[in-house]
$ cat query_33.csv   # CSV, C-alpha atoms and all ligand atoms
chain,number,residue,atom,x,y,z
A,246,MET,CA,-56.1,-2.1,-7.4
A,247,VAL,CA,-53.9,-5.1,-8.1
A,248,SER,CA,-51.3,-4.4,-10.8
A,249,SER,CA,-51.6,-6.8,-13.7
A,250,ARG,CA,-48.1,-5.9,-14.9
A,251,LYS,CA,-45.3,-8.3,-14.1
A,252,LYS,CA,-42.9,-7.3,-11.4
A,253,LEU,CA,-39.3,-6.8,-12.8
A,254,VAL,CA,-36.5,-6.5,-10.3
A,255,VAL,CA,-33.1,-5.4,-11.6
A,256,LEU,CA,-29.9,-6.1,-9.6
A,257,SER,CA,-27.2,-4.0,-11.2
A,258,GLY,CA,-23.5,-3.4,-10.7
A,259,ALA,CA,-20.6,-1.5,-12.2
A,260,GLY,CA,-20.9,-3.3,-15.6
A,261,VAL,CA,-24.2,-1.5,-16.4
A,262,SER,CA,-22.3,1.8,-16.3
A,263,ALA,CA,-19.1,0.6,-18.0
A,264,GLU,CA,-20.2,1.7,-21.5
A,265,SER,CA,-21.0,5.1,-20.0
A,266,GLY,CA,-17.2,5.4,-19.4
A,267,LEU,CA,-17.3,4.6,-15.6
A,268,GLY,CA,-14.7,2.1,-14.4
A,269,THR,CA,-15.7,-1.2,-12.9
A,270,PHE,CA,-13.8,-2.5,-9.9
A,271,ARG,CA,-12.5,-6.0,-10.8
A,272,ASP,CA,-12.0,-5.9,-14.6
A,273,ASN,CA,-8.5,-5.5,-15.8
A,274,GLY,CA,-7.5,-1.9,-15.2
A,275,GLY,CA,-10.5,-1.5,-12.9
A,276,LEU,CA,-10.6,0.8,-9.9
A,277,TRP,CA,-9.1,-1.9,-7.5
A,278,ASP,CA,-6.2,-2.4,-9.9
A,279,ASN,CA,-5.2,1.2,-9.4
A,280,HIS,CA,-6.1,1.8,-5.8
A,281,SER,CA,-6.0,-0.4,-2.7
A,282,VAL,CA,-9.4,-0.8,-1.2
A,283,TYR,CA,-7.7,-0.3,2.2
A,284,ASP,CA,-6.4,3.1,1.2
A,285,VAL,CA,-9.6,4.6,-0.1
A,286,ALA,CA,-12.7,2.5,0.7
A,287,THR,CA,-12.7,1.7,4.5
A,288,PRO,CA,-13.6,3.8,7.6
A,289,GLU,CA,-10.0,3.3,8.7
A,290,ALA,CA,-8.7,4.8,5.4
A,291,PHE,CA,-10.9,7.9,6.0
A,292,GLN,CA,-9.5,8.1,9.6
A,293,ASN,CA,-5.9,7.7,8.5
A,294,ASN,CA,-5.9,9.8,5.3
A,295,PRO,CA,-9.1,11.7,4.8
A,296,THR,CA,-7.7,13.9,2.1
A,297,LEU,CA,-6.8,10.9,-0.1
A,298,VAL,CA,-10.2,9.3,0.4
A,299,LEU,CA,-12.0,12.6,-0.2
A,300,GLU,CA,-10.0,13.2,-3.4
A,301,PHE,CA,-10.7,9.6,-4.6
A,302,TYR,CA,-14.4,10.1,-4.4
A,303,ASN,CA,-14.2,13.7,-5.7
A,304,GLN,CA,-12.6,12.3,-8.9
A,305,ARG,CA,-15.3,9.5,-9.2
A,306,ARG,CA,-18.0,12.1,-8.7
A,307,ARG,CA,-16.6,14.3,-11.5
A,308,ASP,CA,-16.5,11.2,-13.7
A,309,VAL,CA,-20.1,10.4,-12.8
A,310,LEU,CA,-21.2,14.0,-13.6
A,311,LYS,CA,-19.5,13.8,-17.0
A,312,ALA,CA,-21.0,10.4,-17.9
A,313,GLN,CA,-24.3,9.8,-19.7
A,314,PRO,CA,-26.7,7.0,-19.3
A,315,ASN,CA,-26.2,4.3,-22.0
A,316,PRO,CA,-28.8,2.1,-23.9
A,317,ALA,CA,-28.9,-0.4,-21.0
A,318,HIS,CA,-29.9,2.3,-18.5
A,319,ARG,CA,-32.4,3.7,-21.0
A,320,ALA,CA,-34.0,0.3,-21.8
A,321,LEU,CA,-34.5,-0.3,-18.1
A,322,ALA,CA,-36.2,3.0,-17.6
A,323,GLU,CA,-38.4,2.4,-20.7
A,324,ALA,CA,-39.4,-1.0,-19.3
A,325,GLU,CA,-41.5,0.8,-16.8
A,326,GLN,CA,-44.1,1.2,-19.6
A,327,ASN,CA,-44.6,-2.6,-19.5
A,328,PHE,CA,-43.5,-3.8,-16.1
A,329,ASP,CA,-43.6,-2.7,-12.5
A,330,VAL,CA,-39.8,-2.1,-12.3
A,331,THR,CA,-37.6,-1.8,-9.2
A,332,VAL,CA,-33.9,-1.3,-9.6
A,333,ILE,CA,-31.6,-2.3,-6.8
A,334,THR,CA,-28.1,-1.1,-7.6
A,335,GLN,CA,-24.6,-1.4,-6.1
A,336,ASN,CA,-23.6,1.6,-8.1
A,337,VAL,CA,-23.0,5.0,-6.5
A,338,ASP,CA,-23.7,6.8,-9.8
A,339,ASP,CA,-27.1,8.3,-10.6
A,340,LEU,CA,-27.3,7.0,-14.2
A,341,HIS,CA,-30.3,4.9,-13.6
A,342,GLU,CA,-32.2,7.9,-12.4
A,343,ARG,CA,-30.9,10.2,-15.1
A,344,ALA,CA,-32.1,7.6,-17.7
A,345,GLY,CA,-35.6,7.9,-16.1
A,346,SER,CA,-35.8,4.9,-13.7
A,347,SER,CA,-38.2,6.0,-11.0
A,348,ASP,CA,-37.8,3.3,-8.3
A,349,VAL,CA,-34.1,2.9,-7.6
A,350,TYR,CA,-32.4,1.7,-4.4
A,351,HIS,CA,-28.7,2.4,-3.8
A,352,VAL,CA,-27.4,-0.3,-1.4
A,353,HIS,CA,-23.9,1.3,-1.5
A,354,GLY,CA,-25.0,4.9,-1.4
A,355,LEU,CA,-24.7,7.7,-3.9
A,356,VAL,CA,-21.4,9.6,-4.6
A,357,THR,CA,-23.4,12.6,-5.6
A,358,GLN,CA,-24.4,13.1,-2.0
A,359,ALA,CA,-22.5,13.8,1.2
A,360,ARG,CA,-23.1,12.4,4.7
A,361,SER,CA,-22.3,13.8,8.1
A,362,SER,CA,-19.7,11.7,9.8
A,363,LEU,CA,-21.5,12.3,13.0
A,364,THR,CA,-25.3,12.3,12.4
A,365,ASP,CA,-25.6,10.3,9.1
A,366,ASP,CA,-27.7,13.1,7.7
A,367,VAL,CA,-27.4,13.2,3.9
A,368,PHE,CA,-26.9,16.3,1.8
A,369,GLU,CA,-27.0,16.9,-2.0
A,370,LEU,CA,-23.6,18.1,-3.2
A,371,LYS,CA,-25.0,19.6,-6.5
A,372,GLY,CA,-21.7,18.7,-8.2
A,373,LYS,CA,-19.4,20.2,-5.6
A,374,ASP,CA,-16.3,18.4,-4.2
A,375,ILE,CA,-15.9,17.5,-0.5
A,376,HIS,CA,-12.8,18.9,1.2
A,377,LEU,CA,-11.3,18.5,4.6
A,378,GLY,CA,-13.0,21.1,6.8
A,379,ASP,CA,-16.3,20.9,5.0
A,380,THR,CA,-18.7,20.2,7.8
A,381,CYS,CA,-22.4,19.5,8.5
A,382,PRO,CA,-24.5,22.0,10.4
A,383,LYS,CA,-23.4,20.3,13.6
A,384,GLY,CA,-19.8,20.9,12.7
A,385,ALA,CA,-18.8,17.3,11.8
A,386,GLN,CA,-16.7,16.5,8.8
A,387,LEU,CA,-18.6,15.6,5.7
A,388,ARG,CA,-17.8,12.3,3.9
A,389,PRO,CA,-19.0,10.8,0.7
A,390,HIS,CA,-22.4,9.1,1.1
A,391,VAL,CA,-20.8,5.8,0.0
A,392,VAL,CA,-20.8,2.5,1.9
A,393,TRP,CA,-17.2,1.5,2.6
A,394,PHE,CA,-16.0,-2.1,3.2
A,395,GLY,CA,-16.9,-3.1,6.7
A,396,GLU,CA,-20.0,-0.9,6.9
A,397,PHE,CA,-23.6,-2.0,6.7
A,398,ILE,CA,-25.3,-1.6,3.3
A,399,TYR,CA,-28.7,0.1,2.8
A,400,HIS,CA,-32.1,-1.3,1.9
A,401,MET,CA,-31.2,-5.0,2.2
A,402,GLU,CA,-34.5,-6.1,3.9
A,403,ASP,CA,-36.5,-4.1,1.3
A,404,ALA,CA,-34.3,-5.6,-1.5
A,405,ILE,CA,-35.0,-9.2,-0.3
A,406,GLY,CA,-38.7,-8.5,-0.3
A,407,PHE,CA,-38.6,-7.1,-3.8
A,408,VAL,CA,-36.7,-10.1,-5.1
A,409,GLU,CA,-39.1,-12.5,-3.4
A,410,GLN,CA,-42.1,-10.8,-5.1
A,411,ALA,CA,-40.4,-10.6,-8.5
A,412,ASP,CA,-41.8,-12.4,-11.6
A,413,ILE,CA,-38.6,-11.5,-13.4
A,414,VAL,CA,-35.2,-11.0,-11.9
A,415,LEU,CA,-32.6,-9.4,-14.1
A,416,VAL,CA,-29.0,-9.2,-12.8
A,417,VAL,CA,-26.8,-6.8,-14.9
A,418,GLY,CA,-23.1,-6.1,-14.9
A,419,THR,CA,-22.0,-7.4,-11.6
A,420,SER,CA,-19.4,-10.1,-10.6
A,421,LEU,CA,-21.6,-11.1,-7.7
A,422,LYS,CA,-18.5,-11.1,-5.5
A,423,VAL,CA,-19.6,-8.7,-2.8
A,424,PHE,CA,-22.0,-9.7,-0.1
A,425,PRO,CA,-24.6,-9.4,1.2
A,426,PHE,CA,-25.8,-8.0,-2.2
A,427,ALA,CA,-24.8,-11.1,-4.0
A,428,ASN,CA,-27.1,-13.2,-1.8
A,429,LEU,CA,-30.1,-11.5,-3.3
A,430,VAL,CA,-30.1,-13.9,-6.2
A,431,ASP,CA,-30.9,-16.7,-3.8
A,432,TYR,CA,-34.3,-15.1,-2.9
A,433,ALA,CA,-35.7,-15.4,-6.4
A,434,ARG,CA,-39.0,-17.5,-6.5
A,435,ALA,CA,-38.7,-20.9,-8.2
A,436,ASP,CA,-41.3,-19.8,-10.7
A,437,ALA,CA,-39.6,-16.5,-11.5
A,438,GLN,CA,-37.8,-15.9,-14.9
A,439,CYS,CA,-34.1,-15.1,-14.0
A,440,PHE,CA,-31.5,-13.7,-16.2
A,441,LEU,CA,-27.9,-12.6,-15.8
A,442,VAL,CA,-26.4,-10.1,-18.3
A,443,THR,CA,-22.6,-9.6,-17.9
A,444,GLN,CA,-19.4,-9.9,-19.8
A,445,ASP,CA,-17.8,-12.4,-17.5
A,446,ILE,CA,-18.8,-14.3,-14.4
A,447,ASP,CA,-17.2,-17.0,-12.2
A,448,ALA,CA,-20.4,-18.9,-11.7
A,449,VAL,CA,-23.9,-18.4,-13.0
A,450,PRO,CA,-26.4,-18.5,-10.2
A,451,TYR,CA,-28.7,-21.6,-10.1
A,452,GLY,CA,-31.8,-21.1,-12.2
A,453,PHE,CA,-30.4,-18.0,-14.1
A,454,GLU,CA,-30.2,-17.8,-17.8
A,455,TYR,CA,-26.8,-16.3,-18.8
A,456,LYS,CA,-26.7,-13.7,-21.6
A,457,GLN,CA,-23.0,-13.0,-22.1
A,458,GLY,CA,-22.2,-9.6,-23.7
A,459,PRO,CA,-22.2,-5.9,-23.3
A,460,ALA,CA,-25.2,-4.5,-21.3
A,461,SER,CA,-25.9,-1.9,-23.9
A,462,VAL,CA,-26.7,-4.6,-26.4
A,463,GLU,CA,-28.0,-7.5,-24.2
A,464,VAL,CA,-30.3,-5.6,-21.9
A,465,PRO,CA,-32.4,-3.8,-24.7
A,466,LYS,CA,-32.5,-7.1,-26.6
A,467,LEU,CA,-33.7,-9.1,-23.6
A,468,LEU,CA,-36.3,-6.6,-22.6
A,469,ARG,CA,-37.6,-6.5,-26.2
A,470,GLN,CA,-38.0,-10.3,-26.1
A,471,LEU,CA,-39.7,-10.1,-22.7
A,472,GLN,CA,-42.1,-7.4,-23.8
A,473,THR,CA,-43.1,-9.2,-26.9
A,474,PRO,CA,-46.3,-11.2,-26.0
B,1,LIG,N1,-21.6,-5.0,-20.0
B,1,LIG,C1,-22.0,-5.9,-19.1
B,1,LIG,N2,-21.2,-6.3,-18.1
B,1,LIG,C2,-20.0,-5.8,-18.0
B,1,LIG,C3,-19.5,-4.8,-18.9
B,1,LIG,C4,-20.4,-4.4,-19.9
B,1,LIG,N3,-20.0,-3.4,-20.8
B,1,LIG,N4,-18.2,-4.4,-18.5
B,1,LIG,C5,-18.0,-5.1,-17.4
B,1,LIG,N5,-19.0,-6.0,-17.1
B,1,LIG,C6,-19.1,-6.9,-16.0
B,1,LIG,C7,-17.9,-7.7,-15.6
B,1,LIG,O1,-17.8,-8.8,-16.5
B,1,LIG,C8,-18.1,-8.0,-14.2
B,1,LIG,O2,-18.9,-9.2,-14.1
B,1,LIG,O3,-19.4,-6.2,-14.8
B,1,LIG,C9,-19.0,-6.8,-13.7
B,1,LIG,C10,-18.2,-5.8,-12.9
B,1,LIG,O4,-17.8,-6.5,-11.7
B,1,LIG,P1,-17.1,-5.6,-10.5
B,1,LIG,O5,-16.1,-4.8,-11.1
B,1,LIG,O6,-16.8,-6.6,-9.4
B,1,LIG,O7,-18.3,-4.6,-10.1
B,1,LIG,P2,-19.5,-4.9,-9.1
B,1,LIG,O8,-19.9,-6.3,-9.2
B,1,LIG,O9,-20.5,-3.9,-9.3
B,1,LIG,O10,-18.8,-4.7,-7.6
B,1,LIG,C11,-19.6,-4.7,-6.5
B,1,LIG,O11,-17.8,-4.1,-5.1
B,1,LIG,O12,-16.0,-2.8,-4.7
B,1,LIG,C12,-17.3,-2.9,-4.4
B,1,LIG,O13,-18.7,-1.2,-3.7
B,1,LIG,C13,-18.1,-1.8,-4.8
B,1,LIG,O14,-20.4,-1.7,-5.6
B,1,LIG,C14,-19.1,-2.3,-5.8
B,1,LIG,C15,-19.1,-3.8,-5.5
$ encode --input "query_33.csv" --output "structure tokens" --more "lines below"
Ligand code: APR
Amino acid sequence: MVSSRKKLVVLSGAGVSAESGLGTFRDNGGLWDNHSVYDVATPEAFQNNPTLVLEFYNQRRRDVLKAQPNPAHRALAEAEQNFDVTVITQNVDDLHERAGSSDVYHVHGLVTQARSSLTDDVFELKGKDIHLGDTCPKGAQLRPHVVWFGEFIYHMEDAIGFVEQADIVLVVGTSLKVFPFANLVDYARADAQCFLVTQDIDAVPYGFEYKQGPASVEVPKLLRQLQTP
């Protein structure tokens, strides 16, 4: 049966979780103001100082577990009543899922999971930290299931397909400075409705309508407008 509901594809970044208390990366005081990417978010960093890297992600995991979805996450989940919604997120938190979104793709992984540094098998951490010496069944050190700089991202081909099929593309809370994720906006159909909700952006992608403001206000407002026949 062909769905009569419009296809809404959401492309989200750290800004959608900012009002849940989780730091963004490039805002003032953001994560990259306080840590060098090269010390905590590259494969070389993990080789050189695994304890520092593991602790950096242990702390982010604890922050995620304490955080709650905000009205933006909830509005996106509720939009599934009126749209066929797919969320493609750069975020490694699980707030979209905890708000009720049922079709979420994490292109940069999920900090609530661990991955074997040998087999790439993924394991649920159930809130636990990862320490040096924690190994997978094959005896290899566990690492956060998070994509580091210089590593391939997940789901990119699927994500391109979803954006190409979208009737509505909604970009929320991302500076669009990290590739290839940022390229996804270029795959929107010419006849799609395209929106960008964020506090600050260097350049609004061509064809996108910019709604400047906090996601917890602008996302519910926009979805109400889109859902009103
Ligand atoms: N509401 C809406 N947008 C917000 C809010 C808010 N309350 N707070 C911040 N923002 C916006 C900022 O204006 C900025 O445009 O969110 C964006 C955050 O940008 P970044 O910090 O660069 O985060 P993001 O785009 O998700 O980074 C992408 O970079 O370091 C890597 O892997 C990391 O997934 C991350 C990727």
$ residues_near_ligand --input "query_33.csv" --ligand "ligand LIG 1 (chain B)" --cutoff "8 Å" --atoms "only C-alpha atoms and all ligand atoms" --output "ChimeraX atom specification"
/A:257-264,268-272,275-277,282,334-337,353,392-394,417-423,442-446,457-461
$ residues_around --input "query_33.csv" --residues "Ala320 in chain A" --least-positions-apart "5" --cutoff "10 Å" --atoms "only C-alpha atoms" --output "short mmCIF file (atom, residue, chain, number, x, y, z; two decimals) with C-alpha atoms, keeping the file's coordinate frame"
data_model
loop_
_atom_site.label_atom_id
_atom_site.label_comp_id
_atom_site.auth_asym_id
_atom_site.auth_seq_id
_atom_site.Cartn_x
_atom_site.Cartn_y
_atom_site.Cartn_z
CA ASN A 315 -26.20 4.30 -22.00
CA GLU A 325 -41.50 0.80 -16.80
CA ALA A 344 -32.10 7.60 -17.70
CA GLY A 345 -35.60 7.90 -16.10
CA SER A 346 -35.80 4.90 -13.70
CA SER A 461 -25.90 -1.90 -23.90
CA VAL A 462 -26.70 -4.60 -26.40
CA VAL A 464 -30.30 -5.60 -21.90
CA PRO A 465 -32.40 -3.80 -24.70
CA LYS A 466 -32.50 -7.10 -26.60
CA LEU A 467 -33.70 -9.10 -23.60
CA LEU A 468 -36.30 -6.60 -22.60
CA ARG A 469 -37.60 -6.50 -26.20
#
$ atom_distance --input "query_33.csv" --atom1 "CA of Phe440 in chain A" --atom2 "CA of Asn273 in chain A"
24.4 Å
$ residues_around --input "query_33.csv" --residues "range 368-378 of chain A" --least-positions-apart "4" --cutoff "7 Å" --atoms "only C-alpha atoms" --output "ChimeraX atom specification"
/A:296,299,303,357-360,386
$ residues_around --input "query_33.csv" --residues "Val255 in chain A" --least-positions-apart "2" --cutoff "8 Å" --atoms "only C-alpha atoms" --output "list in words"
Leu253, Ser257, Val330, Thr331, Val332, Ile333, Thr334, Val414, Leu415, Val416 and Val417 of chain A
$ residues_around --input "query_33.csv" --residues "Pro314 in chain A" --least-positions-apart "5" --cutoff "9 Å" --atoms "all atoms listed in the file" --output "VMD selection string"
chain A and resid 262 264 to 265 319 339 to 344
$ write_last_selection --input "query_33.csv" --atoms "C-alpha atoms" --output "PDB file, in the frame of the given file"
ATOM      1  CA  SER A 262     -22.300   1.800 -16.300  1.00  0.00           C
ATOM      2  CA  GLU A 264     -20.200   1.700 -21.500  1.00  0.00           C
ATOM      3  CA  SER A 265     -21.000   5.100 -20.000  1.00  0.00           C
ATOM      4  CA  ARG A 319     -32.400   3.700 -21.000  1.00  0.00           C
ATOM      5  CA  ASP A 339     -27.100   8.300 -10.600  1.00  0.00           C
ATOM      6  CA  LEU A 340     -27.300   7.000 -14.200  1.00  0.00           C
ATOM      7  CA  HIS A 341     -30.300   4.900 -13.600  1.00  0.00           C
ATOM      8  CA  GLU A 342     -32.200   7.900 -12.400  1.00  0.00           C
ATOM      9  CA  ARG A 343     -30.900  10.200 -15.100  1.00  0.00           C
ATOM     10  CA  ALA A 344     -32.100   7.600 -17.700  1.00  0.00           C
TER      11      ALA A 344
END
$ atom_distance --input "query_33.csv" --atom1 "CA of Asp329 in chain A" --atom2 "CA of Ala448 in chain A"
28.3 Å
$ atom_distance --input "query_33.csv" --atom1 "CA of Val430 in chain A" --atom2 "CA of Phe453 in chain A"
8.9 Å
$ closest_residue --input "query_33.csv" --among "A:Leu256, A:Leu355, A:Ala411, A:Ala312" --to "Asp436 in chain A" --atoms "only C-alpha atoms"
A:Ala411
$ closest_atom_pairs --input "query_33.csv" --of "range 428-465 of chain A" --to "range 404-407 of chain A" --cutoff "10 Å" --atoms "all atoms listed in the file" --output "JSON lines"
{"residue": "A:Asn428", "atom": "CA", "partner": "A:Ile405", "partner_atom": "CA", "distance": 9.0}
{"residue": "A:Leu429", "atom": "CA", "partner": "A:Ile405", "partner_atom": "CA", "distance": 6.2}
{"residue": "A:Val430", "atom": "CA", "partner": "A:Ile405", "partner_atom": "CA", "distance": 9.0}
{"residue": "A:Asp431", "atom": "CA", "partner": "A:Ile405", "partner_atom": "CA", "distance": 9.2}
{"residue": "A:Tyr432", "atom": "CA", "partner": "A:Ile405", "partner_atom": "CA", "distance": 6.5}
{"residue": "A:Ala433", "atom": "CA", "partner": "A:Ile405", "partner_atom": "CA", "distance": 8.7}
$ write_last_selection --input "query_33.csv" --atoms "C-alpha atoms" --output "PDB file, keeping the file's coordinate frame"
ATOM      1  CA  ASN A 428     -27.100 -13.200  -1.800  1.00  0.00           C
ATOM      2  CA  LEU A 429     -30.100 -11.500  -3.300  1.00  0.00           C
ATOM      3  CA  VAL A 430     -30.100 -13.900  -6.200  1.00  0.00           C
ATOM      4  CA  ASP A 431     -30.900 -16.700  -3.800  1.00  0.00           C
ATOM      5  CA  TYR A 432     -34.300 -15.100  -2.900  1.00  0.00           C
ATOM      6  CA  ALA A 433     -35.700 -15.400  -6.400  1.00  0.00           C
TER       7      ALA A 433
END
$ closest_residue --input "query_33.csv" --among "A:Gly274, A:Glu409, A:Pro450, A:Asp379" --to "Arg434 in chain A" --atoms "only C-alpha atoms"
A:Glu409
$ closest_residue --input "query_33.csv" --among "A:Val408, A:Phe301, A:Ala427, A:Gly266" --to "Ser281 in chain A" --atoms "all atoms listed in the file"
A:Phe301
